[in-house]
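Report on the following structure.
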Amino acid sequence: VARSIFVVLEGEVKLSINSSDGRRLSLRIARNGDVLGLAAVLAGKTHDMTAETLYPAKLGPIGRNEFLGFLARYPAAYPAFSAELSREYTLACEQLRTVALSASAPEKLARLLLDRSDSRTTEPNGRIRFSLTHEEIGQFIGATRETVTRTLSIFKERHLVSCNGSTLTIADRSALEHYALA
């Protein structure tokens with residue numbers, strides 16, 4: 001049984017699930033303010049996902065009994081936690097849609113890059129701290145490392161993105177959006 005929920009206070013945390021044969025599907029990256037483990041604590045079950053920090057992060061644990069006691073004392077908080085569960089469900093459905101229903105690796109990769117470039121992660125100059133390896137990107141989009149490398153090379157050749165270390169810049173957002181809608 002899950003013993004705690006965790007609030008991301010700083011940094012980013014990669015959430016993934018594993019198959020019985022060892023394959024991994026990365027679901028999303030949790031950021032500041034996100035709550036991890038809420039469904040497991042409320043259901044009284046074990047955590048379904050693996051959490052891994054991408055770079056130094058700070059998490060605030062809240063024990064299961066402490067959290068459930070808080071909810072018992074403050075039932076007005078239920079709508080906020082229901083909204084968080086709904087948000088997690090929607091994000092999981094979007095990730096499954098991308099991996100299972102997208103037709104091509106370029107479409108999947110474009111969606112991932114656009115999702116990562118939302119206002120919470122993009123620096124003022126349009127750069128994104130993107131410290132995932134090509135293998136980890138493949139875990140997000142259901143593709144091999146080689147396919148990710150090849151697709152990123154195509155995006156670079158077509159001047160859609162540029163990379164400098166762990167910094168990625170989307171040079172042509174509208175063209176990348178075209179790939180995402182293919």
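In the structure tokens, chains take letters A, B, ... by order of appearance, with residues numbered from 1 within each chain and ligands from 1 in the order shown.
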
If you run DSSP on this backbone, which residues of region 17-134 of chain A come out as helix (DSSP H, G or I), and could you give them as a CSV table (one decimal) with all heavy atoms, in the first residue's frame?
chain,number,residue,atom,x,y,z
A,38,LEU,N,-1.1,10.2,-5.9
A,38,LEU,CA,-2.4,10.5,-5.3
A,38,LEU,C,-3.4,9.4,-5.5
A,38,LEU,O,-4.1,9.0,-4.5
A,38,LEU,CB,-3.0,11.8,-6.0
A,38,LEU,CG,-4.3,12.3,-5.5
A,38,LEU,CD1,-4.3,12.6,-4.0
A,38,LEU,CD2,-4.8,13.6,-6.2
A,39,ALA,N,-3.5,8.8,-6.7
A,39,ALA,CA,-4.5,7.7,-6.9
A,39,ALA,C,-4.1,6.5,-6.1
A,39,ALA,O,-5.1,5.9,-5.5
A,39,ALA,CB,-4.5,7.4,-8.4
A,40,ALA,N,-2.9,6.2,-6.0
A,40,ALA,CA,-2.5,5.0,-5.2
A,40,ALA,C,-2.8,5.2,-3.7
A,40,ALA,O,-3.3,4.3,-3.0
A,40,ALA,CB,-1.0,4.7,-5.3
A,41,VAL,N,-2.6,6.4,-3.2
A,41,VAL,CA,-2.9,6.7,-1.8
A,41,VAL,C,-4.4,6.6,-1.5
A,41,VAL,O,-4.8,6.0,-0.5
A,41,VAL,CB,-2.3,8.0,-1.3
A,41,VAL,CG1,-2.9,8.5,0.0
A,41,VAL,CG2,-0.7,7.8,-1.1
A,42,LEU,N,-5.2,7.2,-2.4
A,42,LEU,CA,-6.6,7.2,-2.2
A,42,LEU,C,-7.2,5.9,-2.3
A,42,LEU,O,-8.2,5.5,-1.6
A,42,LEU,CB,-7.3,8.2,-3.2
A,42,LEU,CG,-7.0,9.7,-2.9
A,42,LEU,CD1,-7.6,10.6,-4.0
A,42,LEU,CD2,-7.6,10.1,-1.5
A,43,ALA,N,-6.7,5.0,-3.3
A,43,ALA,CA,-7.2,3.7,-3.5
A,43,ALA,C,-6.6,2.7,-2.5
A,43,ALA,O,-7.1,1.6,-2.4
A,43,ALA,CB,-6.9,3.2,-4.9
A,64,ARG,N,0.4,9.0,4.1
A,64,ARG,CA,-1.0,8.6,3.7
A,64,ARG,C,-1.9,8.9,4.8
A,64,ARG,O,-3.0,9.5,4.6
A,64,ARG,CB,-1.0,7.1,3.4
A,64,ARG,CG,-2.4,6.6,3.0
A,64,ARG,CD,-2.4,5.1,2.6
A,64,ARG,NE,-3.6,4.8,1.9
A,64,ARG,CZ,-4.7,4.3,2.6
A,64,ARG,NH1,-4.6,4.1,3.9
A,64,ARG,NH2,-5.8,4.0,1.9
A,65,ASN,N,-1.6,8.5,6.1
A,65,ASN,CA,-2.5,8.8,7.2
A,65,ASN,C,-2.7,10.3,7.4
A,65,ASN,O,-3.8,10.7,7.7
A,65,ASN,CB,-2.0,8.1,8.5
A,65,ASN,CG,-2.1,6.6,8.3
A,65,ASN,OD1,-2.9,6.0,7.5
A,65,ASN,ND2,-1.3,5.9,9.1
A,66,GLU,N,-1.6,11.0,7.3
A,66,GLU,CA,-1.7,12.5,7.5
A,66,GLU,C,-2.6,13.1,6.4
A,66,GLU,O,-3.4,13.9,6.7
A,66,GLU,CB,-0.3,13.0,7.4
A,66,GLU,CG,-0.1,14.5,7.6
A,66,GLU,CD,1.3,15.0,7.4
A,66,GLU,OE1,2.2,14.2,7.1
A,66,GLU,OE2,1.5,16.2,7.6
A,67,PHE,N,-2.4,12.6,5.1
A,67,PHE,CA,-3.2,13.2,4.0
A,67,PHE,C,-4.7,12.8,4.2
A,67,PHE,O,-5.5,13.7,4.0
A,67,PHE,CB,-2.6,12.6,2.7
A,67,PHE,CG,-3.4,13.1,1.5
A,67,PHE,CD1,-3.4,14.4,1.1
A,67,PHE,CD2,-4.2,12.2,0.8
A,67,PHE,CE1,-4.1,14.8,0.0
A,67,PHE,CE2,-4.9,12.6,-0.3
A,67,PHE,CZ,-4.9,13.9,-0.7
A,68,LEU,N,-5.0,11.5,4.5
A,68,LEU,CA,-6.4,11.1,4.6
A,68,LEU,C,-7.0,11.9,5.8
A,68,LEU,O,-8.2,12.2,5.7
A,68,LEU,CB,-6.5,9.6,4.8
A,68,LEU,CG,-6.0,8.8,3.5
A,68,LEU,CD1,-6.1,7.3,3.8
A,68,LEU,CD2,-6.9,9.2,2.3
A,69,GLY,N,-6.2,12.1,6.9
A,69,GLY,CA,-6.7,12.9,8.0
A,69,GLY,C,-7.1,14.3,7.6
A,69,GLY,O,-8.1,14.9,8.0
A,70,PHE,N,-6.2,14.9,6.8
A,70,PHE,CA,-6.4,16.2,6.3
A,70,PHE,C,-7.8,16.3,5.5
A,70,PHE,O,-8.6,17.2,5.7
A,70,PHE,CB,-5.3,16.7,5.4
A,70,PHE,CG,-5.5,17.9,4.6
A,70,PHE,CD1,-5.4,19.2,5.2
A,70,PHE,CD2,-6.0,17.9,3.3
A,70,PHE,CE1,-5.7,20.3,4.5
A,70,PHE,CE2,-6.2,19.0,2.6
A,70,PHE,CZ,-6.1,20.2,3.2
A,71,LEU,N,-8.0,15.3,4.6
A,71,LEU,CA,-9.2,15.2,3.8
A,71,LEU,C,-10.4,15.1,4.7
A,71,LEU,O,-11.5,15.7,4.4
A,71,LEU,CB,-9.1,14.1,2.8
A,71,LEU,CG,-8.2,14.4,1.6
A,71,LEU,CD1,-8.3,13.1,0.6
A,71,LEU,CD2,-8.6,15.6,0.8
A,72,ALA,N,-10.3,14.3,5.7
A,72,ALA,CA,-11.4,14.1,6.7
A,72,ALA,C,-11.8,15.4,7.4
A,72,ALA,O,-13.0,15.7,7.6
A,72,ALA,CB,-11.1,13.0,7.7
A,73,ARG,N,-10.8,16.2,7.7
A,73,ARG,CA,-11.0,17.5,8.4
A,73,ARG,C,-11.4,18.6,7.5
A,73,ARG,O,-12.1,19.5,7.9
A,73,ARG,CB,-9.7,17.9,9.2
A,73,ARG,CG,-9.4,17.1,10.4
A,73,ARG,CD,-8.2,17.7,11.2
A,73,ARG,NE,-7.0,17.9,10.5
A,73,ARG,CZ,-6.1,17.0,10.1
A,73,ARG,NH1,-6.3,15.8,10.5
A,73,ARG,NH2,-5.0,17.4,9.5
A,75,PRO,N,-13.1,18.5,4.0
A,75,PRO,CA,-13.7,17.9,2.8
A,75,PRO,C,-13.9,18.9,1.7
A,75,PRO,O,-14.0,18.5,0.5
A,75,PRO,CB,-15.1,17.5,3.3
A,75,PRO,CG,-15.3,18.2,4.6
A,75,PRO,CD,-14.0,18.5,5.2
A,76,ALA,N,-13.8,20.2,1.9
A,76,ALA,CA,-13.8,21.2,0.8
A,76,ALA,C,-12.6,21.0,-0.1
A,76,ALA,O,-12.6,21.6,-1.2
A,76,ALA,CB,-13.8,22.6,1.4
A,77,ALA,N,-11.6,20.3,0.3
A,77,ALA,CA,-10.4,20.1,-0.5
A,77,ALA,C,-10.6,19.0,-1.6
A,77,ALA,O,-9.8,18.9,-2.5
A,77,ALA,CB,-9.2,19.7,0.4
A,78,TYR,N,-11.7,18.2,-1.4
A,78,TYR,CA,-11.9,17.1,-2.4
A,78,TYR,C,-12.0,17.6,-3.8
A,78,TYR,O,-11.4,16.9,-4.7
A,78,TYR,CB,-13.2,16.3,-2.0
A,78,TYR,CG,-12.9,15.2,-1.0
A,78,TYR,CD1,-13.2,15.4,0.3
A,78,TYR,CD2,-12.4,14.0,-1.5
A,78,TYR,CE1,-13.0,14.3,1.2
A,78,TYR,CE2,-12.2,13.0,-0.6
A,78,TYR,CZ,-12.5,13.1,0.7
A,78,TYR,OH,-12.3,12.1,1.6
A,79,PRO,N,-12.7,18.7,-4.2
A,79,PRO,CA,-12.7,19.1,-5.6
A,79,PRO,C,-11.3,19.3,-6.2
A,79,PRO,O,-11.1,19.0,-7.3
A,79,PRO,CB,-13.5,20.4,-5.6
A,79,PRO,CG,-14.4,20.2,-4.4
A,79,PRO,CD,-13.6,19.5,-3.3
A,80,ALA,N,-10.4,19.9,-5.4
A,80,ALA,CA,-9.1,20.1,-5.9
A,80,ALA,C,-8.3,18.8,-6.2
A,80,ALA,O,-7.7,18.7,-7.3
A,80,ALA,CB,-8.2,21.0,-4.9
A,81,PHE,N,-8.5,17.8,-5.3
A,81,PHE,CA,-7.8,16.6,-5.6
A,81,PHE,C,-8.6,15.8,-6.7
A,81,PHE,O,-7.9,15.0,-7.4
A,81,PHE,CB,-7.7,15.8,-4.3
A,81,PHE,CG,-6.7,16.4,-3.3
A,81,PHE,CD1,-7.2,17.1,-2.2
A,81,PHE,CD2,-5.4,16.4,-3.6
A,81,PHE,CE1,-6.3,17.7,-1.4
A,81,PHE,CE2,-4.5,17.1,-2.8
A,81,PHE,CZ,-4.9,17.7,-1.7
A,82,SER,N,-9.9,15.9,-6.8
A,82,SER,CA,-10.6,15.3,-7.9
A,82,SER,C,-10.1,15.9,-9.2
A,82,SER,O,-9.9,15.2,-10.2
A,82,SER,CB,-12.1,15.5,-7.8
A,82,SER,OG,-12.6,14.8,-6.6
A,83,ALA,N,-9.9,17.2,-9.3
A,83,ALA,CA,-9.4,17.9,-10.5
A,83,ALA,C,-8.0,17.3,-10.8
A,83,ALA,O,-7.7,17.1,-12.0
A,83,ALA,CB,-9.4,19.4,-10.3
A,84,GLU,N,-7.2,17.1,-9.8
A,84,GLU,CA,-5.8,16.6,-10.1
A,84,GLU,C,-5.9,15.2,-10.6
A,84,GLU,O,-5.2,14.8,-11.6
A,84,GLU,CB,-5.0,16.6,-8.8
A,84,GLU,CG,-3.6,16.1,-8.9
A,84,GLU,CD,-2.7,16.8,-9.8
A,84,GLU,OE1,-3.0,18.0,-10.1
A,84,GLU,OE2,-1.7,16.2,-10.3
A,85,LEU,N,-6.8,14.4,-10.1
A,85,LEU,CA,-6.9,13.0,-10.6
A,85,LEU,C,-7.4,13.0,-12.1
A,85,LEU,O,-7.0,12.3,-12.9
A,85,LEU,CB,-7.9,12.2,-9.8
A,85,LEU,CG,-7.4,11.7,-8.4
A,85,LEU,CD1,-8.5,11.1,-7.6
A,85,LEU,CD2,-6.2,10.7,-8.6
A,86,SER,N,-8.3,13.9,-12.4
A,86,SER,CA,-8.9,14.1,-13.7
A,86,SER,C,-7.7,14.5,-14.7
A,86,SER,O,-7.6,14.1,-15.8
A,86,SER,CB,-10.0,15.1,-13.8
A,86,SER,OG,-11.1,14.6,-13.1
A,87,ARG,N,-6.9,15.4,-14.2
A,87,ARG,CA,-5.8,15.9,-15.0
A,87,ARG,C,-4.8,14.8,-15.3
A,87,ARG,O,-4.4,14.6,-16.4
A,87,ARG,CB,-5.1,17.1,-14.3
A,87,ARG,CG,-4.0,17.7,-15.1
A,87,ARG,CD,-3.3,18.9,-14.3
A,87,ARG,NE,-2.3,18.4,-13.4
A,87,ARG,CZ,-1.1,18.0,-13.7
A,87,ARG,NH1,-0.7,18.1,-14.9
A,87,ARG,NH2,-0.3,17.6,-12.7
A,88,GLU,N,-4.5,14.0,-14.3
A,88,GLU,CA,-3.6,12.8,-14.5
A,88,GLU,C,-4.2,11.8,-15.5
A,88,GLU,O,-3.5,11.3,-16.4
A,88,GLU,CB,-3.4,12.1,-13.2
A,88,GLU,CG,-2.4,12.8,-12.2
A,88,GLU,CD,-2.2,12.0,-11.0
A,88,GLU,OE1,-2.4,10.8,-10.9
A,88,GLU,OE2,-1.7,12.6,-10.0
A,89,TYR,N,-5.5,11.6,-15.4
A,89,TYR,CA,-6.2,10.7,-16.3
A,89,TYR,C,-6.1,11.2,-17.8
A,89,TYR,O,-5.8,10.5,-18.7
A,89,TYR,CB,-7.7,10.5,-15.9
A,89,TYR,CG,-8.5,9.7,-16.9
A,89,TYR,CD1,-8.4,8.4,-17.0
A,89,TYR,CD2,-9.3,10.4,-17.8
A,89,TYR,CE1,-9.1,7.6,-17.9
A,89,TYR,CE2,-10.1,9.7,-18.7
A,89,TYR,CZ,-10.0,8.3,-18.8
A,89,TYR,OH,-10.7,7.6,-19.7
A,90,THR,N,-6.4,12.5,-17.9
A,90,THR,CA,-6.3,13.1,-19.2
A,90,THR,C,-4.9,13.1,-19.8
A,90,THR,O,-4.7,12.7,-21.0
A,90,THR,CB,-6.8,14.6,-19.2
A,90,THR,OG1,-8.1,14.6,-18.7
A,90,THR,CG2,-6.7,15.3,-20.5
A,91,LEU,N,-3.9,13.3,-19.0
A,91,LEU,CA,-2.5,13.3,-19.5
A,91,LEU,C,-2.2,11.8,-19.9
A,91,LEU,O,-1.5,11.6,-20.9
A,91,LEU,CB,-1.5,13.7,-18.4
A,91,LEU,CG,-1.6,15.2,-18.1
A,91,LEU,CD1,-0.7,15.6,-16.9
A,91,LEU,CD2,-1.1,16.0,-19.3
A,92,ALA,N,-2.6,10.8,-19.1
A,92,ALA,CA,-2.4,9.4,-19.5
A,92,ALA,C,-3.0,9.1,-20.8
A,92,ALA,O,-2.4,8.4,-21.7
A,92,ALA,CB,-2.8,8.5,-18.4
A,93,CYS,N,-4.3,9.5,-21.0
A,93,CYS,CA,-5.0,9.3,-22.3
A,93,CYS,C,-4.2,9.9,-23.4
A,93,CYS,O,-4.1,9.3,-24.5
A,93,CYS,CB,-6.4,9.8,-22.2
A,93,CYS,SG,-7.5,8.7,-21.2
A,94,GLU,N,-3.8,11.2,-23.3
A,94,GLU,CA,-3.0,11.8,-24.3
A,94,GLU,C,-1.7,11.1,-24.7
A,94,GLU,O,-1.4,10.9,-25.8
A,94,GLU,CB,-2.7,13.3,-23.9
A,94,GLU,CG,-3.9,14.2,-23.9
A,94,GLU,CD,-3.6,15.6,-23.3
A,94,GLU,OE1,-2.4,15.9,-23.0
A,94,GLU,OE2,-4.5,16.4,-23.2
A,95,GLN,N,-1.1,10.6,-23.7
A,95,GLN,CA,0.2,9.8,-23.9
A,95,GLN,C,-0.1,8.5,-24.6
A,95,GLN,O,0.6,8.2,-25.6
A,95,GLN,CB,0.9,9.6,-22.6
A,95,GLN,CG,2.2,8.8,-22.8
A,95,GLN,CD,3.3,9.5,-23.6
A,95,GLN,OE1,3.1,10.7,-23.9
A,95,GLN,NE2,4.3,8.9,-23.9
A,96,LEU,N,-1.2,7.8,-24.2
A,96,LEU,CA,-1.5,6.6,-24.9
A,96,LEU,C,-1.9,6.9,-26.4
A,96,LEU,O,-1.6,6.1,-27.3
A,96,LEU,CB,-2.7,5.9,-24.2
A,96,LEU,CG,-2.3,5.2,-22.9
A,96,LEU,CD1,-3.5,4.7,-22.1
A,96,LEU,CD2,-1.3,4.1,-23.2
A,97,ARG,N,-2.7,8.0,-26.6
A,97,ARG,CA,-3.1,8.4,-27.9
A,97,ARG,C,-1.8,8.6,-28.8
A,97,ARG,O,-1.8,8.2,-29.9
A,97,ARG,CB,-3.9,9.6,-27.9
A,97,ARG,CG,-4.6,10.0,-29.2
A,97,ARG,CD,-5.5,11.2,-29.1
A,97,ARG,NE,-6.6,11.0,-28.2
A,97,ARG,CZ,-6.8,11.5,-27.0
A,97,ARG,NH1,-5.9,12.4,-26.5
A,97,ARG,NH2,-7.8,11.2,-26.2
A,98,THR,N,-0.9,9.3,-28.2
A,98,THR,CA,0.4,9.6,-29.0
A,98,THR,C,1.1,8.3,-29.3
A,98,THR,O,1.5,8.1,-30.5
A,98,THR,CB,1.3,10.5,-28.2
A,98,THR,OG1,0.6,11.8,-28.0
A,98,THR,CG2,2.6,10.7,-28.9
A,99,VAL,N,1.3,7.4,-28.3
A,99,VAL,CA,2.1,6.2,-28.6
A,99,VAL,C,1.4,5.2,-29.4
A,99,VAL,O,1.9,4.6,-30.3
A,99,VAL,CB,2.6,5.6,-27.2
A,99,VAL,CG1,3.2,4.3,-27.4
A,99,VAL,CG2,3.5,6.6,-26.5
A,100,ALA,N,0.1,5.0,-29.1
A,100,ALA,CA,-0.6,3.9,-29.8
A,100,ALA,C,-1.3,4.3,-31.1
A,100,ALA,O,-1.5,3.5,-31.9
A,100,ALA,CB,-1.6,3.3,-28.8
A,101,LEU,N,-1.7,5.6,-31.2
A,101,LEU,CA,-2.5,5.9,-32.4
A,101,LEU,C,-1.8,6.8,-33.4
A,101,LEU,O,-2.4,7.0,-34.4
A,101,LEU,CB,-3.8,6.6,-31.9
A,101,LEU,CG,-4.7,5.7,-31.0
A,101,LEU,CD1,-5.9,6.4,-30.5
A,101,LEU,CD2,-5.1,4.4,-31.7
A,105,ALA,N,6.8,8.1,-36.3
A,105,ALA,CA,7.8,8.6,-35.3
A,105,ALA,C,7.9,10.1,-35.4
A,105,ALA,O,7.9,10.8,-34.3
A,105,ALA,CB,9.1,7.9,-35.5
A,106,PRO,N,8.0,10.8,-36.6
A,106,PRO,CA,8.0,12.2,-36.6
A,106,PRO,C,6.8,12.9,-35.9
A,106,PRO,O,7.0,13.9,-35.2
A,106,PRO,CB,8.1,12.6,-38.1
A,106,PRO,CG,8.7,11.4,-38.7
A,106,PRO,CD,8.2,10.2,-37.9
A,107,GLU,N,5.6,12.3,-36.1
A,107,GLU,CA,4.5,12.9,-35.5
A,107,GLU,C,4.6,12.8,-34.0
A,107,GLU,O,4.3,13.7,-33.2
A,107,GLU,CB,3.2,12.1,-36.0
A,107,GLU,CG,1.9,12.6,-35.4
A,107,GLU,CD,0.7,11.8,-35.9
A,107,GLU,OE1,0.8,11.0,-36.9
A,107,GLU,OE2,-0.4,12.0,-35.3
A,108,LYS,N,5.0,11.6,-33.5
A,108,LYS,CA,5.1,11.4,-32.1
A,108,LYS,C,6.2,12.3,-31.5
A,108,LYS,O,6.0,12.9,-30.4
A,108,LYS,CB,5.5,9.9,-31.8
A,108,LYS,CG,4.4,8.9,-32.1
A,108,LYS,CD,4.9,7.5,-32.0
A,108,LYS,CE,3.9,6.5,-32.4
A,108,LYS,NZ,4.4,5.1,-32.2
A,109,LEU,N,7.3,12.4,-32.1
A,109,LEU,CA,8.4,13.2,-31.6
A,109,LEU,C,8.0,14.7,-31.6
A,109,LEU,O,8.3,15.4,-30.7
A,109,LEU,CB,9.7,13.0,-32.4
A,109,LEU,CG,10.9,13.8,-31.9
A,109,LEU,CD1,11.2,13.5,-30.4
A,109,LEU,CD2,12.1,13.4,-32.8
A,110,ALA,N,7.4,15.2,-32.7
A,110,ALA,CA,6.9,16.6,-32.8
A,110,ALA,C,6.0,16.9,-31.6
A,110,ALA,O,6.1,17.9,-31.0
A,110,ALA,CB,6.3,16.8,-34.1
A,111,ARG,N,5.0,16.0,-31.3
A,111,ARG,CA,4.1,16.2,-30.2
A,111,ARG,C,4.8,16.3,-28.9
A,111,ARG,O,4.5,17.1,-28.1
A,111,ARG,CB,3.1,15.0,-30.2
A,111,ARG,CG,2.0,15.2,-31.2
A,111,ARG,CD,1.0,14.1,-31.0
A,111,ARG,NE,0.0,14.2,-32.1
A,111,ARG,CZ,-1.1,13.4,-32.2
A,111,ARG,NH1,-1.3,12.6,-31.3
A,111,ARG,NH2,-1.9,13.6,-33.2
A,112,LEU,N,5.8,15.4,-28.7
A,112,LEU,CA,6.6,15.4,-27.4
A,112,LEU,C,7.3,16.8,-27.3
A,112,LEU,O,7.2,17.4,-26.2
A,112,LEU,CB,7.6,14.3,-27.4
A,112,LEU,CG,8.5,14.2,-26.1
A,112,LEU,CD1,7.7,14.0,-24.9
A,112,LEU,CD2,9.6,13.2,-26.3
A,113,LEU,N,8.0,17.2,-28.3
A,113,LEU,CA,8.7,18.4,-28.3
A,113,LEU,C,7.8,19.6,-28.0
A,113,LEU,O,8.1,20.5,-27.2
A,113,LEU,CB,9.5,18.6,-29.6
A,113,LEU,CG,10.6,17.6,-29.8
A,113,LEU,CD1,11.3,17.9,-31.1
A,113,LEU,CD2,11.6,17.6,-28.7
A,114,LEU,N,6.7,19.6,-28.7
A,114,LEU,CA,5.7,20.7,-28.5
A,114,LEU,C,5.1,20.7,-27.1
A,114,LEU,O,5.0,21.7,-26.4
A,114,LEU,CB,4.6,20.7,-29.5
A,114,LEU,CG,5.0,21.0,-31.0
A,114,LEU,CD1,3.9,20.6,-32.0
A,114,LEU,CD2,5.4,22.5,-31.1
A,115,ASP,N,4.8,19.5,-26.6
A,115,ASP,CA,4.3,19.4,-25.2
A,115,ASP,C,5.4,19.9,-24.2
A,115,ASP,O,5.0,20.6,-23.2
A,115,ASP,CB,4.0,18.0,-24.9
A,115,ASP,CG,2.7,17.5,-25.5
A,115,ASP,OD1,1.9,18.3,-26.1
A,115,ASP,OD2,2.4,16.3,-25.6
A,116,ARG,N,6.6,19.5,-24.4
A,116,ARG,CA,7.7,20.0,-23.5
A,116,ARG,C,8.0,21.5,-23.6
A,116,ARG,O,8.6,22.0,-22.7
A,116,ARG,CB,9.0,19.2,-23.8
A,116,ARG,CG,8.9,17.8,-23.4
A,116,ARG,CD,9.0,17.5,-22.0
A,116,ARG,NE,10.4,17.9,-21.5
A,116,ARG,CZ,10.6,18.4,-20.3
A,116,ARG,NH1,9.7,18.5,-19.5
A,116,ARG,NH2,11.9,18.7,-20.0
A,134,HIS,N,18.3,10.0,-26.1
A,134,HIS,CA,17.5,9.6,-27.3
A,134,HIS,C,16.8,8.3,-26.9
A,134,HIS,O,15.6,8.1,-27.3
A,134,HIS,CB,18.4,9.3,-28.5
A,134,HIS,CG,18.9,10.6,-29.1
A,134,HIS,ND1,19.5,10.6,-30.3
A,134,HIS,CD2,18.9,11.9,-28.7
A,134,HIS,CE1,19.8,11.9,-30.6
A,134,HIS,NE2,19.5,12.6,-29.6

CA of Thr144 (chain A) to CA of Leu181 (chain A), distance in Å rounded to a single decimal: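 These atoms are spaced 21.3 Å apart.
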
Å distance separating CA of Lys45 (chain A) from CA of Leu9 (chain A), one decimal place: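 Taking CA of Lys45 (chain A) and CA of Leu9 (chain A), their separation equals 24.1 Å.
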
What separation in Å, quoted to one decimal, exists between CA of Glu136 (chain A) and CA of Ser26 (chain A)? 7.7 Å
